[in-house]
Structure formats: structure tokens, C-alpha cells
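Dumped upload25.cif below, it's mmCIF, C-alpha atoms:
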```cif
data_upload
#
loop_
_atom_site.group_PDB
_atom_site.id
_atom_site.type_symbol
_atom_site.label_atom_id
_atom_site.label_comp_id
_atom_site.auth_asym_id
_atom_site.auth_seq_id
_atom_site.Cartn_x
_atom_site.Cartn_y
_atom_site.Cartn_z
ATOM 1 C CA ILE A 274 -23.006 21.187 8.606
ATOM 2 C CA PRO A 275 -20.856 18.060 8.273
ATOM 3 C CA GLN A 276 -18.435 18.230 5.381
ATOM 4 C CA GLN A 277 -16.655 15.466 3.544
ATOM 5 C CA GLY A 278 -12.938 15.565 2.851
ATOM 6 C CA GLN A 279 -10.563 13.272 1.099
ATOM 7 C CA GLY A 280 -6.934 12.344 0.975
ATOM 8 C CA THR A 281 -4.656 9.383 0.531
ATOM 9 C CA GLY A 282 -2.803 6.983 2.786
ATOM 10 C CA PHE A 283 -0.914 3.712 2.541
ATOM 11 C CA ILE A 284 -0.795 0.519 4.600
ATOM 12 C CA ILE A 285 2.507 0.167 6.453
ATOM 13 C CA ASP A 286 1.888 -2.934 8.558
ATOM 14 C CA ARG A 287 0.127 -6.313 8.323
ATOM 15 C CA ARG A 288 -1.936 -5.334 11.378
ATOM 16 C CA GLY A 289 -3.715 -2.700 9.269
ATOM 17 C CA TYR A 290 -1.911 0.504 10.240
ATOM 18 C CA ILE A 291 -2.138 3.235 7.609
ATOM 19 C CA LEU A 292 0.089 6.300 7.400
ATOM 20 C CA THR A 293 -1.452 9.560 6.197
ATOM 21 C CA ASN A 294 -1.341 13.296 6.919
ATOM 22 C CA HIS A 295 -2.664 14.958 10.048
ATOM 23 C CA HIS A 296 -4.563 17.490 7.938
ATOM 24 C CA VAL A 297 -6.360 14.657 6.087
ATOM 25 C CA VAL A 298 -8.024 13.230 9.228
ATOM 26 C CA ASP A 299 -7.928 16.129 11.707
ATOM 27 C CA ASN A 300 -11.376 16.842 13.195
ATOM 28 C CA ALA A 301 -12.914 13.869 11.351
ATOM 29 C CA ARG A 302 -15.980 12.374 13.011
ATOM 30 C CA LYS A 303 -15.733 9.262 10.860
ATOM 31 C CA ILE A 304 -12.874 7.897 8.761
ATOM 32 C CA SER A 305 -13.600 5.599 5.855
ATOM 33 C CA VAL A 306 -10.931 3.948 3.716
ATOM 34 C CA THR A 307 -11.550 2.843 0.127
ATOM 35 C CA LEU A 308 -9.161 0.057 -0.785
ATOM 36 C CA VAL A 309 -7.756 -0.522 -4.274
ATOM 37 C CA ASN A 310 -10.471 -3.159 -4.922
ATOM 38 C CA GLU A 311 -13.122 -0.483 -4.075
ATOM 39 C CA THR A 312 -13.982 -2.096 -0.705
ATOM 40 C CA LYS A 313 -14.965 0.601 1.806
ATOM 41 C CA VAL A 314 -13.800 0.020 5.380
ATOM 42 C CA ASP A 315 -14.271 2.103 8.509
ATOM 43 C CA ALA A 316 -10.955 3.087 10.080
ATOM 44 C CA LEU A 317 -9.943 3.893 13.643
ATOM 45 C CA LEU A 318 -7.826 6.942 14.409
ATOM 46 C CA ILE A 319 -4.726 5.716 16.253
ATOM 47 C CA GLY A 320 -2.985 9.059 16.728
ATOM 48 C CA LEU A 321 -1.974 12.424 15.315
ATOM 49 C CA ASP A 322 1.226 14.444 15.243
ATOM 50 C CA PRO A 323 0.306 17.979 14.123
ATOM 51 C CA THR A 324 3.930 19.152 14.294
ATOM 52 C CA SER A 325 5.009 16.800 11.508
ATOM 53 C CA ASP A 326 1.574 16.702 9.794
ATOM 54 C CA LEU A 327 1.412 12.915 10.193
ATOM 55 C CA ALA A 328 -1.330 10.599 11.407
ATOM 56 C CA VAL A 329 -1.855 6.869 11.803
ATOM 57 C CA ILE A 330 -5.212 5.189 11.273
ATOM 58 C CA LYS A 331 -6.059 1.477 11.337
ATOM 59 C CA ILE A 332 -8.306 -0.914 9.472
ATOM 60 C CA PRO A 333 -9.050 -4.526 10.511
ATOM 61 C CA GLU A 334 -6.255 -6.960 9.622
ATOM 62 C CA ARG A 335 -8.554 -9.100 7.488
ATOM 63 C CA TYR A 336 -8.649 -6.354 4.841
ATOM 64 C CA VAL A 337 -4.862 -6.161 4.465
ATOM 65 C CA THR A 338 -3.693 -7.838 1.273
ATOM 66 C CA HIS A 339 -0.590 -5.742 0.516
ATOM 67 C CA ILE A 340 1.648 -3.424 2.478
ATOM 68 C CA ALA A 341 3.849 -0.665 1.130
ATOM 69 C CA GLU A 342 7.567 -1.333 1.013
ATOM 70 C CA LEU A 343 9.212 1.449 2.988
ATOM 71 C CA GLY A 344 12.553 2.607 1.613
ATOM 72 C CA ASP A 345 15.420 4.616 3.085
ATOM 73 C CA SER A 346 14.973 8.345 2.522
ATOM 74 C CA ASP A 347 18.604 8.989 3.506
ATOM 75 C CA THR A 348 19.637 7.530 0.124
ATOM 76 C CA ILE A 349 17.556 9.965 -1.982
ATOM 77 C CA LYS A 350 19.447 12.015 -4.553
ATOM 78 C CA VAL A 351 18.364 15.158 -6.370
ATOM 79 C CA GLY A 352 17.406 14.215 -9.935
ATOM 80 C CA GLN A 353 16.210 10.694 -9.207
ATOM 81 C CA LYS A 354 12.776 9.584 -10.385
ATOM 82 C CA ALA A 355 9.807 10.270 -8.096
ATOM 83 C CA ILE A 356 6.355 8.683 -8.405
ATOM 84 C CA ALA A 357 3.267 9.928 -6.551
ATOM 85 C CA ILE A 358 0.149 7.840 -6.058
ATOM 86 C CA GLY A 359 -3.064 9.346 -4.779
ATOM 87 C CA ASN A 360 -6.555 10.645 -5.368
ATOM 88 C CA PRO A 361 -6.113 14.143 -6.803
ATOM 89 C CA PHE A 362 -9.453 15.957 -6.991
ATOM 90 C CA GLY A 363 -11.177 12.644 -6.211
ATOM 91 C CA LEU A 364 -9.708 10.801 -9.211
ATOM 92 C CA SER A 365 -8.796 7.595 -7.420
ATOM 93 C CA HIS A 366 -5.641 5.573 -7.997
ATOM 94 C CA THR A 367 -3.815 8.241 -10.005
ATOM 95 C CA LEU A 368 -0.083 7.896 -10.637
ATOM 96 C CA THR A 369 2.163 10.789 -11.650
ATOM 97 C CA THR A 370 5.915 10.911 -12.215
ATOM 98 C CA GLY A 371 8.682 13.466 -11.993
ATOM 99 C CA ILE A 372 11.981 13.882 -10.204
ATOM 100 C CA VAL A 373 13.311 14.854 -6.810
ATOM 101 C CA SER A 374 13.981 18.578 -7.241
ATOM 102 C CA ALA A 375 15.636 19.369 -3.896
ATOM 103 C CA LEU A 376 16.151 18.036 -0.378
ATOM 104 C CA LYS A 377 15.922 19.469 3.147
ATOM 105 C CA ARG A 378 13.327 22.099 2.250
ATOM 106 C CA GLU A 379 11.481 24.049 4.935
ATOM 107 C CA ILE A 380 7.977 25.466 4.483
ATOM 108 C CA GLN A 381 5.400 27.307 6.564
ATOM 109 C CA ASP A 382 2.015 25.591 6.607
ATOM 110 C CA LYS A 383 -0.944 26.911 8.610
ATOM 111 C CA GLY A 384 1.184 28.516 11.306
ATOM 112 C CA SER A 385 3.668 25.676 11.736
ATOM 113 C CA THR A 386 6.957 24.901 10.037
ATOM 114 C CA LEU A 387 7.696 21.602 8.328
ATOM 115 C CA TYR A 388 11.402 20.748 8.083
ATOM 116 C CA ASP A 389 13.683 18.523 5.976
ATOM 117 C CA LEU A 390 11.099 18.010 3.233
ATOM 118 C CA ILE A 391 11.670 16.393 -0.138
ATOM 119 C CA GLN A 392 10.809 18.782 -2.971
ATOM 120 C CA THR A 393 9.506 17.230 -6.185
ATOM 121 C CA ASP A 394 8.099 18.352 -9.513
ATOM 122 C CA THR A 395 5.862 15.268 -9.560
ATOM 123 C CA ALA A 396 2.243 16.424 -9.963
ATOM 124 C CA ILE A 397 0.736 16.613 -6.477
ATOM 125 C CA ASN A 398 -2.733 18.151 -6.102
ATOM 126 C CA PRO A 399 -5.433 18.337 -3.410
ATOM 127 C CA GLY A 400 -6.340 14.715 -2.644
ATOM 128 C CA ASN A 401 -2.750 13.466 -2.958
ATOM 129 C CA SER A 402 -2.032 14.422 0.671
ATOM 130 C CA GLY A 403 -0.931 11.457 2.747
ATOM 131 C CA GLY A 404 -0.068 9.333 -0.260
ATOM 132 C CA PRO A 405 3.282 7.743 -0.994
ATOM 133 C CA LEU A 406 6.125 9.288 -2.956
ATOM 134 C CA LEU A 407 7.947 6.309 -4.447
ATOM 135 C CA ASN A 408 11.340 5.701 -6.012
ATOM 136 C CA SER A 409 11.746 3.770 -9.275
ATOM 137 C CA ASN A 410 11.913 0.483 -7.301
ATOM 138 C CA GLY A 411 8.425 1.096 -5.866
ATOM 139 C CA GLN A 412 9.737 1.813 -2.365
ATOM 140 C CA VAL A 413 8.137 4.618 -0.366
ATOM 141 C CA MET A 414 10.613 7.451 0.139
ATOM 142 C CA GLY A 415 8.178 10.089 1.396
ATOM 143 C CA VAL A 416 4.649 11.055 2.414
ATOM 144 C CA ASN A 417 3.137 13.684 0.096
ATOM 145 C CA THR A 418 2.081 16.581 2.275
ATOM 146 C CA ALA A 419 1.974 19.990 0.600
ATOM 147 C CA ILE A 420 2.179 21.953 -2.612
ATOM 148 C CA PHE A 421 3.375 25.438 -3.416
ATOM 149 C CA SER A 422 0.609 26.975 -5.458
ATOM 150 C CA ILE A 423 -0.896 30.362 -6.157
ATOM 151 C CA SER A 424 -3.869 28.837 -8.009
ATOM 152 C CA GLY A 425 -4.533 25.977 -5.538
ATOM 153 C CA GLY A 426 -3.493 23.319 -8.078
ATOM 154 C CA TYR A 427 -0.260 21.844 -9.378
ATOM 155 C CA GLN A 428 2.436 24.357 -10.299
ATOM 156 C CA GLY A 429 5.481 22.120 -10.337
ATOM 157 C CA ILE A 430 6.456 22.262 -6.665
ATOM 158 C CA GLY A 431 5.340 19.620 -4.193
ATOM 159 C CA PHE A 432 6.698 18.491 -0.840
ATOM 160 C CA ALA A 433 6.920 15.140 0.931
ATOM 161 C CA ILE A 434 7.933 14.157 4.459
ATOM 162 C CA PRO A 435 10.947 11.792 4.283
ATOM 163 C CA ILE A 436 9.890 8.232 5.090
ATOM 164 C CA ASN A 437 12.630 7.744 7.710
ATOM 165 C CA GLN A 438 11.174 10.634 9.706
ATOM 166 C CA ALA A 439 7.634 9.340 9.114
ATOM 167 C CA LYS A 440 8.563 5.799 10.267
ATOM 168 C CA THR A 441 9.933 7.139 13.550
ATOM 169 C CA ILE A 442 6.850 9.250 14.238
ATOM 170 C CA ALA A 443 4.404 6.498 13.188
ATOM 171 C CA THR A 444 6.169 4.044 15.512
ATOM 172 C CA GLN A 445 5.866 6.531 18.403
ATOM 173 C CA ILE A 446 2.149 7.079 17.680
ATOM 174 C CA ILE A 447 1.455 3.323 17.599
ATOM 175 C CA LEU A 448 3.484 2.651 20.769
ATOM 176 C CA GLU A 449 1.734 5.472 22.636
ATOM 177 C CA ARG A 450 -1.663 4.118 21.623
ATOM 178 C CA ASN A 451 -0.728 0.568 22.647
ATOM 179 C CA THR A 452 0.599 1.852 25.989
ATOM 180 C CA GLN A 453 -2.652 3.733 26.606
ATOM 181 C CA ASN A 454 -4.674 0.614 25.782
ATOM 182 C CA THR A 455 -2.512 -1.514 28.099
ATOM 183 C CA SER A 456 -2.890 1.029 30.915
ATOM 184 C CA LEU A 457 -6.653 1.101 30.407
ATOM 185 C CA SER A 458 -6.808 -2.697 30.410
ATOM 186 C CA LEU A 459 -4.721 -2.924 33.586
ATOM 187 C CA HIS A 460 -6.906 -0.308 35.287
ATOM 188 C CA MET A 461 -10.086 -2.169 34.314
ATOM 189 C CA ASN A 462 -8.653 -5.435 35.599
ATOM 190 C CA SER A 463 -7.683 -3.810 38.883
ATOM 191 C CA ILE A 464 -11.248 -2.690 39.527
ATOM 192 C CA GLY A 465 -12.682 -6.072 38.623
ATOM 193 C CA LEU A 466 -13.981 -5.454 35.101
#
```
What does the file become when written as C-alpha cells?
Amino acid sequence: IPQQGQGTGFIIDRRGYILTNHHVVDNARKISVTLVNETKVDALLIGLDPTSDLAVIKIPERYVTHIAELGDSDTIKVGQKAIAIGNPFGLSHTLTTGIVSALKREIQDKGSTLYDLIQTDTAINPGNSGGPLLNSNGQVMGVNTAIFSISGGYQGIGFAIPINQAKTIATQIILERNTQNTSLSLHMNSIGL
């Protein structure tokens, strides 16, 4: 029986690339993005990196009106303000605030280990996954990815993948996809298509 899931992502490029979590789009048959103006757009899966729990999807360029400003996660300090934006429990466009609680955390998640995470007390709940963790200047400093919870909801400990790490992985995913498309195009041209 097909099931519907949800998560969050953010546009990182004028060409329509969106960064989100691997676990948000893994095994999806169809990916649909709801933009801030409530426009629903079908998205294309560009690539996944299960090891880092990151994924890149893409919407057509014509729908891109704003892109997220990516910051420098190497400048993050414990105690600085942290802002999470997402869709917790399906409540779209929710913003929560807190602080950076710790850096370079390591957690086990579904059999794999995630390293160098940002720990925050900003309220992160199911549906926030893949959304941005911002600094007080509105720059993305991390990708919300996990919570520590006994109840399944917010208990004051959330984790985000540092944006510098996410930028590197997203760039690799996009380049690999573009290389595959170029190879396919060259192959088709060589056989006269």
C-alpha cells in the first residue's frame, strides 16, 4: 500500500536544486514540493548519499523565486542562536528558535553513524528533517536531520549536518548526475539518436 511521507528541504541554486535528507526521499515513487506560496511542483530525484543522510532533488527553474543563503558552518560557536524552519507534524512553514548546544556530535541512526553534527535545543520534530538550521543572520548553517527522543517528539536535543559538509556532498551529487547525463547524451549521439 503506497504511503505518504513528508519532510522539508530548501532551494540552494537558481537552477532549482533542493537540499534535503536521504531519509525524506528514500524509496519515494513520486516527489512533490510545496513552495512557500502553496504551489505544488513535481520534483526530480538527482541523487542520494545514505552515508551522510543527504539528498538533492530538483524543480524546474521557473519556480525558483528565492534561494537560501548558505553560511559557513566552521564559524559556528556553542551558545549562538539557532533557528529551524520546517513542517513539523505537517504544520507547514513553522519557525522555532534555540541555541547551538554542542558541536562535533556523533550519533547512530538506523545502523549508520553520522559524524560532526551540530547539536541544538531548537525544537525539531518529525517533518523538520531536511530543513535549514539558520543563524541569526538568516544564513543556513546546517541541515536538520535527527532528534534524540524517547517519546518520538521534541525533547530538547536535535542534530543538524553542518552546511559546509552538506555543500560538498550536494556538489558531488549534482556533478555525478550531470556527468551521467553527459555520458548518456554522448552515447546516444554516437549511435545516431
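Shortest atom-to-atom contact with Thr367 in chain A among A:Val309, A:Leu317, A:Ile447, A:Leu343: A:Val309, counting only C-alpha atoms.
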Would you list the contacts of Asp286 in chain A as a list in words, taking every protein, DNA or RNA residue within 10 Å and counting only C-alpha atoms, but skipping same-chain residues closer than 3 positions in sequence? Phe283, Gly289, Tyr290, Ile291, Leu292, Lys331, Glu334, Val337, His339, Ile340, Ala341 and Glu342 of chain A
Any chance you could export the current selection's C-alpha atoms as a JSON list (two decimals), keeping the file's coordinate frame?
```
[["chain", "number", "residue", "atom", "x", "y", "z"],
["A", 283, "PHE", "CA", -0.91, 3.71, 2.54],
["A", 289, "GLY", "CA", -3.72, -2.70, 9.27],
["A", 290, "TYR", "CA", -1.91, 0.50, 10.24],
["A", 291, "ILE", "CA", -2.14, 3.24, 7.61],
["A", 292, "LEU", "CA", 0.09, 6.30, 7.40],
["A", 331, "LYS", "CA", -6.06, 1.48, 11.34],
["A", 334, "GLU", "CA", -6.26, -6.96, 9.62],
["A", 337, "VAL", "CA", -4.86, -6.16, 4.46],
["A", 339, "HIS", "CA", -0.59, -5.74, 0.52],
["A", 340, "ILE", "CA", 1.65, -3.42, 2.48],
["A", 341, "ALA", "CA", 3.85, -0.66, 1.13],
["A", 342, "GLU", "CA", 7.57, -1.33, 1.01]]
```
Mind listing as JSON, numbers by chain all residues within 9 Å of (15.7, 3.0, -1.0), counting only C-alpha atoms? {"A": [343, 344, 345, 346, 347, 348, 349, 408, 410, 411, 412, 413, 414]}
Let's have the selection written as an mmCIF file, in the coordinates of the input, with C-alpha atoms.
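Once everything was written out, this is selection06.cif:
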```
data_model
loop_
_atom_site.group_PDB
_atom_site.id
_atom_site.type_symbol
_atom_site.label_atom_id
_atom_site.label_comp_id
_atom_site.auth_asym_id
_atom_site.auth_seq_id
_atom_site.Cartn_x
_atom_site.Cartn_y
_atom_site.Cartn_z
ATOM 1 C CA LEU A 343 9.212 1.449 2.988
ATOM 2 C CA GLY A 344 12.553 2.607 1.613
ATOM 3 C CA ASP A 345 15.420 4.616 3.085
ATOM 4 C CA SER A 346 14.973 8.345 2.522
ATOM 5 C CA ASP A 347 18.604 8.989 3.506
ATOM 6 C CA THR A 348 19.637 7.530 0.124
ATOM 7 C CA ILE A 349 17.556 9.965 -1.982
ATOM 8 C CA ASN A 408 11.340 5.701 -6.012
ATOM 9 C CA ASN A 410 11.913 0.483 -7.301
ATOM 10 C CA GLY A 411 8.425 1.096 -5.866
ATOM 11 C CA GLN A 412 9.737 1.813 -2.365
ATOM 12 C CA VAL A 413 8.137 4.618 -0.366
ATOM 13 C CA MET A 414 10.613 7.451 0.139
#
```
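For the pair CA of Asn360 in chain A and CA of Lys313 in chain A, the separation is 14.9 Å.
Minimum atom-to-atom distance to Glu379 in chain A, evaluated using only C-alpha atoms, belongs to A:Ala433 out of A:Ala433, A:Ile284, A:Ile330, A:Leu364.
Residues lying within 8 Å of Ala443 in chain A, counting all atoms listed in the file and ignoring same-chain neighbours fewer than 2 positions away, are Leu292, Leu327, Ala328, Val329, Ala439, Lys440, Thr441, Gln445, Ile446 and Ile447 of chain A.
With only C-alpha atoms as the atoms that count, the residue of A:Thr386, A:Asn300, A:Gln381, A:Thr293 with the shortest distance to Gly415 in chain A is A:Thr293.
Across the model, the gap from CA of Phe421 in chain A to CA of Ile285 in chain A is 27.1 Å.
The spacing separating CA of Phe362 in chain A from CA of Pro333 in chain A amounts to 26.9 Å.
Counting only C-alpha atoms, the residue from A:Ser385, A:Asp326, A:Arg450, A:His366 that sits nearest to Pro435 in chain A is A:Asp326.
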Choose the residue, out of A:Leu321, A:Ile332, A:Leu448, A:Ala396, that has the smallest atom-to-atom separation from Ile304 in chain A; count only C-alpha atoms. A:Ile332
Within 6 Å of (3.8, 9.2, 1.7), only C-alpha atoms: residues as a tab-separated table (two decimals) with C-alpha atoms, in the coordinates of the input?
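Produced file out-v3.tsv, reproduced below:
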```
chain	number	residue	atom	x	y	z
A	403	GLY	CA	-0.93	11.46	2.75
A	404	GLY	CA	-0.07	9.33	-0.26
A	405	PRO	CA	3.28	7.74	-0.99
A	406	LEU	CA	6.12	9.29	-2.96
A	415	GLY	CA	8.18	10.09	1.40
A	416	VAL	CA	4.65	11.06	2.41
A	417	ASN	CA	3.14	13.68	0.10
```
Applying 8 Å and all atoms listed in the file, which residues near Ser409 in chain A remain after dropping the ones on its own chain fewer than 5 positions away? List them as a VMD selection string. chain A and resid 354 to 356
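Closest to Ile434 in chain A among A:Gln353, A:Asp315, A:Gly371, A:Asn294 is A:Asn294, based on all atoms listed in the file.
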Result set, the PyMOL selection byres ((chain A and resi 351) around 9) on current file, as number ranges by chain: A: 349-350, 352-354, 372-376
Same residues, C-alpha atoms, saved as a PDB file, in the coordinates of the input:
```pdb
ATOM      1  CA  ILE A 349      17.556   9.965  -1.982  1.00  0.00           C
ATOM      2  CA  LYS A 350      19.447  12.015  -4.553  1.00  0.00           C
ATOM      3  CA  GLY A 352      17.406  14.215  -9.935  1.00  0.00           C
ATOM      4  CA  GLN A 353      16.210  10.694  -9.207  1.00  0.00           C
ATOM      5  CA  LYS A 354      12.776   9.584 -10.385  1.00  0.00           C
ATOM      6  CA  ILE A 372      11.981  13.882 -10.204  1.00  0.00           C
ATOM      7  CA  VAL A 373      13.311  14.854  -6.810  1.00  0.00           C
ATOM      8  CA  SER A 374      13.981  18.578  -7.241  1.00  0.00           C
ATOM      9  CA  ALA A 375      15.636  19.369  -3.896  1.00  0.00           C
ATOM     10  CA  LEU A 376      16.151  18.036  -0.378  1.00  0.00           C
TER      11      LEU A 376
END
```
